[in-house]
Structures are given as structure tokens and as C-alpha cells.
Amino acid sequence: MKRFLIPLGLFLTLVVFLAIGLNRDPHEVPSPLVGKPAPAFSLEKLAEPGKTFSPADMQGQVWLLNVWASWCVSCRAEHPLLVAFSKQGGLPIVGLNYKEVRGDGGIDAKKLSPADETSLTRQRAGAWLSQHGDPYTLSVLDMDGRVGIDYGVYGVPETYLIDKKGVIRFKQIGPITPEALEKKILPLARQLAAES
Amino acid sequence: MKAFRVTLATCAAALLLGPLSPTAQAGEATPMAENPAVEARLIAISEELRCLVCQNESLAGSRAELAEDLRREVRKLIQDGKTDPEIKDYLVARYGDFVLYRPPVKPTTWLLWFGPFGLMAGAVIGLILYLRRRATRVEPARLSAADRASAEALLADTPPRPKDPA
Amino acid sequence: MIPEIGSFALVLALLVALVQGTLPLIGAQRGVPAWIALARPASSMLFLLIAVAFGCLTASFINNDFSVVYVAQHSNSRLPLEYRISGVWGGHEGSLLLWVLMLSLWSLAVAAFSRSLPDDMVARVQGVLGLVAAGFILFILLTSSPFERLLPGAEDGRDLNPLLQDPGLIFHPPMLYMGYVGFSVAFAFAIAALLSGRLDAAWARWSRPWTTAAWIFLTLGIGLGSIWAYYELGWGGWWFWDPVENASFLPWLVGTALIHSLAVTEKRGSFKNWTVLLAIGAFSLSLLGTFLVRSGVLSSVHAFASDPKRGIFILLFLAVVVGSSLTLFAWRAPKVSLGGAFALVSRETLLLINNVLLLSAAGAVLLGTLYPLVIDALNLGKLSVGPPYFNAVFTPLMVPLLFLMAVGPVARWKQASLAEIARPLRWAFGIAVAAGISIPFFYGGWSGSVALGMGLAIWIVGASVLQIITRARSSLPPRAFWGMHLAHMGVAVTVVGIVMVTQYESERDVRMAPGDTVKTGEYQIRFLGVEGISGPNYNAARGNLELLKDGQLVMSLHPEKRKYLSSAMPMTEAFIDPGLTRDVYVSLGDPLEGGDGAWSVRVYYKPFVSWIWGGAVLMALGGLLAASDRRYRLKSTAARADKLAAQGAAS
């Protein structure tokens with residue numbers, strides 16, 4: 001009469017899956033870009049108006065691309081860690097300033113001219129970095145979020161670890177924690193630096 | 001810019017209609033979308049896509065900023081003449097299968113797509129086999145009469161007794 | 001002081017529930033009359049204590065006691081009284097308290113309406129209900145007490161989520177929970193029957209009206225939720241296949257299967273094991289739904305603050321309750337007799353097929369709901385399962401079910417012949433095919449899905465009408481007969497609503513300056529302007545529009561765009577002109593530039609949409625007729641038992 005045990009067996013299987021599910025975050029979406037070349041872009045630098053940066057400039061280096069904005073609350077949480085990390089000089093960090101003006105719910109960006117938006121972006125981002133410290137080798141301005149879409153950004157902050165050949169090797173969703181830095185990012189970065 | 005152009009169009013329409021019907025200053029409302037055909041396709045596509053930042057909403061229904069940005073991208077891709085699968089591939093390449101509300105059919109989703117029908121087919125076949133076997137095991141009339149009698153007896157066995165006050 | 005009384009009442013309630021969950025069960029097993037007799041007073045006491053706790057929380061809400069964390073989070077001094085009262089279940093902690101209140105109410109009802117049942121049966125049923133209640137009260141006390149204090153108290157509350165400030169909150173959760181929790185009675189009867197080894201037709205007869213009653217509430221609860229989403233979300237969607245909706249739909253599907261399977265067990269003594277399993281299943285799915293909603297394992301639009309501790313507790317509780325029930329089932333089921341014989345073509349077989357189809361549909365919904373979680377748990381990535389999947393899989397499973405729904409009631413018990421079934425139905429079939437094919441032509445464009453849906457709906461109604469006429473000619477049929485046909489026709493009505501609105505609804509998203517008109521269906525809508533108004537706790541822009549038909553004013557339309565004082569989130573309050581054959585649905589967008597007072601306005605024309613919920617009301621009414629059938633009513637059953645006993649004594 002084993003068939004009367006079938007419902008119990010099915011139920012216990014279900015409970016196992018539910019228990020595993022309890023430890024997962026349904027909101028964290030792994031990026032399909034890990035293992036793929038970092039999408040190319042060319043964006044104006046924050047500090048040097050008129051000059052652009054593109055990921056190809058970092059060819060031959062292992063580097064971090066950190067998505068940030070001054071309106072982003074969790075960025076403020078991870079920022080001290082980034083500043084401290086940059087002082088150790090381990091890895092170059094490029095900041096992708098994401099929708100500085102348009103992402104701020106308090107501003108009606110539609111009423112601004114493109115020139116006004118650029119200058120407001122520089123002013124806000126610059127002020128924020130001088131207040132909280134600037135861990136970035138350089139920052140670039142993604143004012144309309146187009147590059148963000150190419151990188152699959154769906155929340156700020158997000159951080160990408162990119163290898164010497166320009167391939168994305170890891171993505172941190174949400175603020176970088178000391179734990180994530182020590183246990184995931186740094187060991188992987190060392191390993192990537194050793195690759196030819 | 002967009003709003004300005006729409007206003008111009010309305011004014012033009014009002015001017016044209018003006019002499020014909022003196023009372024009607026305003027006329028037929030103008031569609032919000034510049035190109036209703038593109039908009040209709042946008043809605044159809046984005047209803048099958050999931051907004052990433054919201055809890056569980058489609059790209060069509062969400063008011064989140066990212067959803068607006070992505071709708072803008074999709075609109076642009078439609079205008080560029082991309083097909084629906086191309087547009088979906090574009091988003092999957094950036095955000096993964098998670099954006100698809102209709103999961104693609106592949107080995108990991110076979111159970112999802114064919115499971116329910118397999119379950120139904122299996123259950124129907126199992127049911128027929130079971131009923132055949134059952135028919136040989138059940139002795140007709142006798143058991144069913146006994147069953148009925150026992151039910152009657154049970155009801156008879158239980159006259160309402162005085163109960164404790166609840 | 002009041003919150004502390006509430007807290008204390010909950011602790012006492014836990015003790016009472018533990019007494020109710022142990023002594024009567026042991027007493028029934030060992031035959032101790034004094035312990036058996038505890039069941040009824042314990043259930044009254046339990047209800048009283050939980051009602052006191054619930055009353056205390058309500059009082060804290062009414063008195064704006066913001067020193068209670070839960071009140072401070074879910075209310076505000078400017079919140080109108082009706083939402084301060086319904087705000088009690090506007091969040092996690094309070095809705096659990098409502099859950100337990102409903103459970104104790106069902107337990108009290110069983111005590112009150114089971115005078116004709118054997119005392120040991122009642123004791124076992126109450127015992128099981130007591131154990132379930134104890135689990136939930138413990139859950140509240142350990143992880144989710146609504147009576148926690150905030151010291152010092154808040155100046156003012158954070159306010160109830162504006163989405164919830166709606167009459168929907170007053171009616172939808174209590175109805176839904178009554179349904180959800182009501183399946184605990186069917187479950188308790190099943191466990192009691194397994195424990196006593198008395199799994200027979202009498203058991204089916206006792207638990208059937210309770211199951212139907214729970215099903216009625218669940219049907220209405222789901223319907224109300226759907227209406228609420230329809231008018232509240234601003235674009236008129238009525239079903240989203242969201243995990244939380246699925247969590248309520250799953251017990252409904254299995255509960256519907258249970259009602260049909262109980263019919264066979266009661267009338268023919270067959271499928272007993274199967275029926276017991278369904279009774280356990282329906283309630284297990286209620287518990288599973290509670291887990292899914294409260295633990296945050298799936299992302300849903302109904303976002304409750306999730307706390308891993310809560311998830312672990314409910315999962316443990318679920319594992320213990322369902323695991324032990326299924327173990328008991330596996331132990332007892334092999335000894336249960338098969339029941340009456342029946343031929344392959346018979347009403348029994350058709351009802352079994354009904355069960356197979358309903359459970360396959362439930363399986364599809366469960367699979368789709370949990371699949372993302374399973375794939376993630378197996379480290380195979382993340383994916384989403386949304387409305388396109390559910391529509392694609394659920395619909396094909398419903399078609400044979402709807403087709404057979406008309407056939408089942410015609411077939412005889414034990415043995416039927418295909419010719420006998422087909423003869424009375426051939427007219428219904430002819431009419432259904434003809435109408436199904438032609439209706440879409442009259443209604444703006446042929447469509448296969450409309451033809452199929454309308455054909456099936458007419459097929460069901462036609463078959464029911466034919467049978468009612470035939471049956472009523474000879475004698476007045478019992479209420480159960482009317483109930484069944486009314487519920488079946490309700491399903492048909494819902495199907496009409498679904499196919500018509502899905503296929504033929506139209507949407508216009510337009511810019512409207514004062515005086516502009518837009519056409520929708522056979523109507524014109526004229527925009528007059530927007531004025532500012534202020535409500536009790538919000539300011540709003542209120543649109544003035546006119547609905548015109550052939551230039552005549554039908555009614556004024558006033559959609560609103562609200563800004564609640566306590567939160568920045570703007571809320572769209574759509575305005576609906578409901579009708580039997582169409583709803584006109586208007587929602588206000590944003591003010592537009594141009595200086596001419598123009599706004600963006602969305603206008604929807606939704607044919608037959610109200611039939612979706614009209615059908616649910618018919619189903620519920622059908623259930624009410626069936627549950628109140630003469631054979632279940634207290635007096636007549638008791639009288640009959642008396643008569644039989646007298647006969648027994650005389651002979």
C-alpha cells in the first residue's frame with residue numbers, strides 16, 4: 001500500500017524546496033552579462049568636460065565599474081568602504097554616475113535644457129564627491145541611463161568587476177559589503193590580475 | 001517638444017473646424033501617442049515583460065522609472081523596425097530570462113510547460129486503469145447496500161443527547 | 001492598558017486552545033466523557049478571548065493610540081473612522097489576528113450547529129481546530145504581536161497605505177479569510193474521521209455543508225478582491241496571476257473538487273480516501289498560501305514586510321500539520337472500504353474526471369507559482385512565470401472541464417449510457433454551436449476564442465435549463481438541485497464576462513482640453529475640466545466629464561487623482577459607469593503643457609466585464625442553496641435521527 005505514501009512524499013519534497021527558497025532573495029537577478037565582454041560606450045568625464053571615456057581605455061587592467069548617484073541612499077552606505085578601498089590602491093574604480101538629475105524624483109528634468117541638465121549633473125555629482133570623498137579614478141556621466149540599460153542596471157548601486165580583456169567577471173547587486181569585498185571581489189581580482 | 005507639437009495639431013484642427021461649427025472651439029481629443037500603431041505594439045510586447053524593480057508588475061503596467069526608460073527603449077526598437085523576438089532578445093541579453101513573463105521553452109522549463117498536460121493525461125489514464133481494476137474488486141449491490149445501511153444506522157445511533165451549556 | 005489586556009487575552013487564548021487541542025482528542029480516543037465534554041465550552045472560551053484581543057486592537061486604532069507600534073505604522077489621526085477600523089487588518093500582525101478570529105468563529109459555529117453529531121466526533125473536530133488555532137496564536141505571540149509598544153509613543157501614525165484606504169479593505173480580507181480558514185473545518189472533519197476510523201457516508205454528509213459554506217466565502221472573497229483590483233489600479237485589470245492571487249485560487253480549485261467528490265462519497269459511499277485527501281489538500285493549500293504571502297519567498301504586488309523568522313515558523317507549522325495529516329492518511333487509508341460499484345459511464349466517473357481536471361488546473365497554477373523558486377533552489381537561474389504562461393496553460397485545461405460540466409448532471413449514478421446522456425443534450429449542443437459561431441459576428445469581429453467561450457457558456461446554461469424544466473415538470477426539486485445548476489450557470493456567466501472583455505475591450509489614451517470629446521463604444525465622453533477638491537486626508541484633482549449617448553447626457557463622470565497628505569504617492573481613482581453589458585471606465589492621467597487646461601485621460605470600454613463577478617455571486621448563491629438543503633438542516637436531521645432511534649427502540 002505504498003501509494004498512500006505518495007502525497008506525503010510529494011509534500012516533503014515541496015517543504016525542502018520552500019526551505020531552500022527561504023534563504024534566497026527573489027529580487028536579486030543574476031546578470032547574464034557575467035562572462036561576456038563589457039558593453040562598449042563613450043561617455044563624457046565628470047572632471048574633464050568635453051573628454052570621453054570608454055571601457056577600451058582600461059584594456060590590460062583589472063578594474064571595477066561602480067554605478068552611483070547622489071540621490072541614491074544605499075550608495076552613501078557603501079561609499080566609505082569604496083573610499084577606504086581606493087586608498088589601498090588595489091584596483092582602479094571607474095564611477096558610472098547614473099541619471100544624476102533624471103533619477104531624482106524631486107526634479108522635473110523634462111523642463112531642463114540639455115545644457116542645463118549637464119551643468120546641474122556636474123554640480124551635484126561634484127559636490128557629493130567633495131563632501132563624501134572621491135574613490136574614483138574617474139567618473140563618467142550617464143545622464144539618460146542608456147549605458148545603464150546596456151549593462152543591465154536595475155538598481156543603484158551596482159558594481160562590475162572587469163578583467164584585462166574587458167570581460168565582465170562578477171556583478172555585485174546592491175551595496176558592496178566588507179564581506180563581499182573580502183570574500184568575492186578581492187580574491188577574484190587577484191586571480192584575474194595573475195592571468196596574462 | 002512633444003506636448004508643443006500636439007498643441008499645434010489641436011490648434012490646427014480647431015482652426016479647420018472653426019468655420020464649420022462655430023460653437024465647437026475644441027474637437028475630437030487627440031491620442032497621447034504620436035504613433036498609435038507603435039504604441040499598440042509597445043503595449044503588447046511590454047505586457048509580456050517583467051518590470052525588474054517592482055514587486056511583480058509588467059513593464060506595461062509599472063510606473064517605475066526604469067520601466068519608463070525601458071519602454072522608451074522598446075519604442076525606439078520598434079521604430080527601428082525590430083521584430084518582437086529581436087526586442088525580447090535585446091532585453092534578455094541585458095537582464096536575463098527573468099524579464100520574460102512567458103518563460104522560454106527549454107530543458108529547464110519542460111516540466112513547467114508540459115507538466116500540467118502530462119499530469120492530466122497521466123491522471124486520466126491512471127483513472128481508467130484504476131476504474132477497470134476497481135470494478136473487479138467491488139462486489140456490486142451487496143457492499144453498497146451494506147454501506148447505506150451502516151450510514152443509516154450511524155444516524156440512528158446518535159439521538160441528540162442533552163448537552164452541556166456551551 | 002488596553003493593548004496589555006489584548007496581549008493577556010491572547011496568552012489566555014493560547015492556553016485555552018491547547019486545552020481544546022489536547023483533552024477532547026485524548027478523551028475521544030480513550031473514551032473519557034468529561035474530557036470529551038470540554039470541547040464545546042473550550043471553543044466558546046477561545047472565541048471570547050480572541051474577540052477580546054481583537055476588540056482591544058480595534059480600540060487602539062479607534063483611539064489613535066500611537067504608542068502601539070502596529071497602530072503607529074498603519075494608521076493616522078486624519079484617517080477616517082471606517083479605515084481606522086479596517087486598518088486593524090491592514091498589515092501583517094492584524095491580519096493574522098483576523099485569521100485566528102475567523103478560525104475561532106468557525107470553531108464556535110461547529111459547536112453550535114453540531115448538536116446532532118456524536119459527541120466524540122465533535123470533540124475530535126474541535127480538538128483539531130484547537131491545535132490549528134494554538135499554532136497560529138503561538139505564531140502571533142512569538143513573531144508578530146500587534147500589541148508591541150513604542151516608547152515614547154509616536155506623535156502621529158505613518159498612515160495606512162493609500163491603496164488600502166478603500167471599501168475593498170473593509171470587505172475583501174474578512175470574506176477571503178472566512179473562506180481560507182473555513183476549509184479548516186472540512187480538514188478537521190477529515191482528520192476526525194481518520195482518527196476514529198469512521199470514514200463513511202455519514203461523515204461526508206456532516207462535512208459537506210461546512211465545506212460548501214467555506215467555499216461560498218472564498219468565492220466571494222476572491223471575487224471582491226478582483227473587483228477591488230479592477231477599480232483601484234486605474235486601468236481595469238481584474239486578474240493578474242500574482243502569487244498572492246494564486247494562493248487564494250489554489251484552495252478554491254481544490255475546494256471545488258472537494259465539493260464534487262464529497263457528493264459521491266455522501267450519495268454512493270465511494271472515493272472516501274480521495275475525498276479525505278482533498279479535504280487535507282484544500283486546507284494545506286490555505287496554509288501554503290499563508291506561507292507564500294507572509295514569508296516573502298516569492299515577489300508579489302501584495303508586499304508585506306517579510307521577516308525570515310516568520311517564514312521559518314510557518315514552514316515548520318505547515319510541515320507539522322500537513323506532514324502528520326498525510327502520515328495519518330497513509331496509515332489509515334489502506335483499511336477504508338471501496339464503496340459502491342459503478343460502471344465506466346456513470347456520474348461517478350464524470351465526477352472523478354471533474355476532479356482530475358480541477359486538480360490538473362490547480363497543479364498548473366501551483367507549478368507556475370512555485371517554479372521560479374524551485375529553479376532558483378536548484379541553482380538553475382532566475383526566471384519569471386507570469387500571466388502569458390498561466391493563460392496559455394490554464395485555458396486548455398478549462399475547456400474540457402466546462403464541456404463536461406453540462407454532461408455530469410445528466411448522467412445517472414451507478415450506470416449511464418452515452419445515448420441516454422446525449423439525447424436530452426442534443427438541443428443544447430445545437431444551440432451552443434450555432435450561437436457560439438454567430439455571436440462574434442454580431443459583436444465586432446469573429447474570434448475563435450469568443451466562439452469557443454460563448455459556445456461553452458451557452459452549452460452549460462442550455463443543459464441546466466433543459467434539466468430544470470424536465471425535473472420541475474414532475475415535482476419541485478430540492479434546493480441542492482437548484483444550487484448545483486445555479487452555481488454551474490454562474491461559471492458560465494463568468495466565462496462570458498472573461499471572453500468578451502478580453503477580446504472586445506477598447507482603450508483610448510488621449511489628450512483632452514476642456515470641451516474635447518472622445519468616442520468609446522456607442523458613447524461620447526466630453527471633458528469639461530479639472531477642479532481641486534480636498535478629502536479628509538488627501539487633496540485631489542477631480543475631473544468633470546460627461547458621458548453622452550446620441551448627444552444626450554447619460555451621467556457625469558468624476559475620476560480623481562489623489563495625493564494623500566501622509567505620503568507622496570499619487571493615487572488614481574478611476575470613475576466607472578457600470579452596466580449590464582458594458583462598463584465605461586475613465587481614469588485621469590496628468591496635466592499637460594499647453595496652457596489650455598488639458599489633461600491626459602484614459603477611457604476604457606469594457607463589454608460584459610461585470611459578468612465576471614456576477615457569475616461569482618451566482619456561484620455563491622448556488623452554494624448557499626446547496627448548503628441549506630433540507631437534508632443538512634439541523635432540525636430535520638435531528639428529527640430524523642430521533643425517529644430512527646424511536647423505531648430502533650420499538651423494534
# chains A, B, ... in the order shown; residues from 1 in each chain; ligands from 1

$ select_by_dssp --residues "segment 479-625 of chain C" --states "strand (DSSP E or B)" --output "count of residues only"
72

$ interface_residues --of "chain A" --to "chain C" --cutoff "10 Å" --atoms "only C-alpha atoms" --output "MDAnalysis selection string"
chainID A and resid 1:9 11:12 14:32

$ atom_distance --atom1 "atom CA of Tyr101 of chain B" --atom2 "atom CA of Tyr389 of chain C"
7.1 Å

$ closest_residue --among "A:Leu33, A:Lys184, A:Trp71, A:Thr52" --to "chain B" --atoms "only C-alpha atoms"
A:Leu33

$ residues_around --residues "Val92 of chain B" --least-positions-apart "2" --cutoff "12 Å" --atoms "only C-alpha atoms" --output "ChimeraX atom specification"
/A:29-33,149-152 /B:49-50,52,85-90,94-101,103-104 /C:382-384

$ interface_residues --of "chain C" --to "chain B" --cutoff "6 Å" --atoms "only C-alpha atoms" --output "PyMOL selection string"
chain C and resi 40-41+116+118+201-202+299-301+339-341+360+364+382-386+388-389+509-512+515-518+641-642+644-645

$ closest_residue --among "A:Thr159, A:Thr137, A:Ser113, A:Ser119" --to "chain B" --atoms "only C-alpha atoms"
A:Ser113

$ select_by_dssp --residues "segment 448-620 of chain C" --states "helix (DSSP H, G or I)" --output "ChimeraX atom specification"
/C:448-474,479-504,610-620

$ closest_residue --among "B:Ala44, B:Ala60, B:Cys51, B:Ala37" --to "chain A" --atoms "only C-alpha atoms"
B:Cys51

$ residues_around --residues "Asp108 of chain A" --least-positions-apart "6" --cutoff "12 Å" --atoms "only C-alpha atoms" --output "ChimeraX atom specification"
/A:101-102,117

$ write_last_selection --atoms "C-alpha atoms" --output "short mmCIF file (atom, residue, chain, number, x, y, z; two decimals), in the first residue's frame"
data_model
loop_
_atom_site.label_atom_id
_atom_site.label_comp_id
_atom_site.auth_asym_id
_atom_site.auth_seq_id
_atom_site.Cartn_x
_atom_site.Cartn_y
_atom_site.Cartn_z
CA VAL A 101 19.24 64.56 -12.47
CA ARG A 102 16.54 62.43 -14.06
CA GLU A 117 20.98 69.22 -17.27
#

$ residues_around --residues "segment 595-611 of chain C" --least-positions-apart "5" --cutoff "7 Å" --atoms "only C-alpha atoms" --output "PDB file with C-alpha atoms, in the first residue's frame"
ATOM      1  CA  VAL C 493     -21.732  33.787 -16.718  1.00  0.00           C
ATOM      2  CA  THR C 494     -18.167  34.343 -15.522  1.00  0.00           C
ATOM      3  CA  VAL C 496     -18.962  35.108 -20.818  1.00  0.00           C
ATOM      4  CA  GLY C 497     -17.504  38.074 -18.948  1.00  0.00           C
ATOM      5  CA  ILE C 498     -13.952  36.844 -19.342  1.00  0.00           C
ATOM      6  CA  MET C 500     -15.996  39.217 -24.000  1.00  0.00           C
ATOM      7  CA  VAL C 501     -13.895  41.706 -22.061  1.00  0.00           C
ATOM      8  CA  TYR C 504     -13.540  43.235 -27.242  1.00  0.00           C
ATOM      9  CA  GLU C 505     -12.382  45.791 -24.705  1.00  0.00           C
ATOM     10  CA  SER C 506     -11.058  49.012 -26.141  1.00  0.00           C
ATOM     11  CA  GLU C 507      -8.748  51.618 -24.716  1.00  0.00           C
ATOM     12  CA  ARG C 508      -8.117  55.233 -25.693  1.00  0.00           C
ATOM     13  CA  ASP C 509      -5.277  57.228 -24.196  1.00  0.00           C
ATOM     14  CA  VAL C 510      -5.976  60.819 -25.221  1.00  0.00           C
ATOM     15  CA  ARG C 511      -5.145  64.429 -24.575  1.00  0.00           C
ATOM     16  CA  MET C 512      -8.288  66.332 -23.607  1.00  0.00           C
ATOM     17  CA  ALA C 513      -8.671  70.066 -23.340  1.00  0.00           C
ATOM     18  CA  PRO C 514     -11.937  71.435 -21.918  1.00  0.00           C
ATOM     19  CA  THR C 520     -15.821  54.984 -26.894  1.00  0.00           C
ATOM     20  CA  GLY C 521     -18.187  52.226 -27.900  1.00  0.00           C
ATOM     21  CA  LEU C 580     -25.066  45.002 -17.544  1.00  0.00           C
ATOM     22  CA  THR C 581     -23.475  44.775 -20.978  1.00  0.00           C
ATOM     23  CA  ARG C 582     -20.565  47.206 -20.626  1.00  0.00           C
ATOM     24  CA  ASP C 583     -18.564  49.307 -18.184  1.00  0.00           C
ATOM     25  CA  VAL C 584     -17.282  52.707 -19.177  1.00  0.00           C
ATOM     26  CA  TYR C 585     -14.079  53.267 -17.245  1.00  0.00           C
ATOM     27  CA  VAL C 586     -12.348  56.635 -17.083  1.00  0.00           C
ATOM     28  CA  SER C 587      -9.118  57.465 -15.332  1.00  0.00           C
ATOM     29  CA  LEU C 588      -7.341  60.773 -15.087  1.00  0.00           C
ATOM     30  CA  GLY C 589      -3.671  60.973 -16.093  1.00  0.00           C
ATOM     31  CA  ASP C 590      -1.544  64.077 -15.711  1.00  0.00           C
TER      32      ASP C 590
END

$ residues_around --residues "Met102 of chain C" --least-positions-apart "4" --cutoff "8 Å" --atoms "only C-alpha atoms" --output "ChimeraX atom specification"
/C:98,106,177-178,181

$ atom_distance --atom1 "atom CA of Arg71 of chain B" --atom2 "atom CA of Leu91 of chain B"
11.0 Å

$ atom_distance --atom1 "atom CA of Glu78 of chain A" --atom2 "atom CA of Pro175 of chain A"
5.3 Å

$ residues_around --residues "Thr121 of chain A" --least-positions-apart "2" --cutoff "8 Å" --atoms "only C-alpha atoms" --output "list in words"
Glu100, Val101, Glu117, Thr118, Ser119, Gln123, Arg124, Ala125, Leu141 and Met143 of chain A

$ closest_residue --among "A:Leu120, A:Ala115, A:Val156, A:Leu82" --to "chain B" --atoms "only C-alpha atoms"
A:Val156
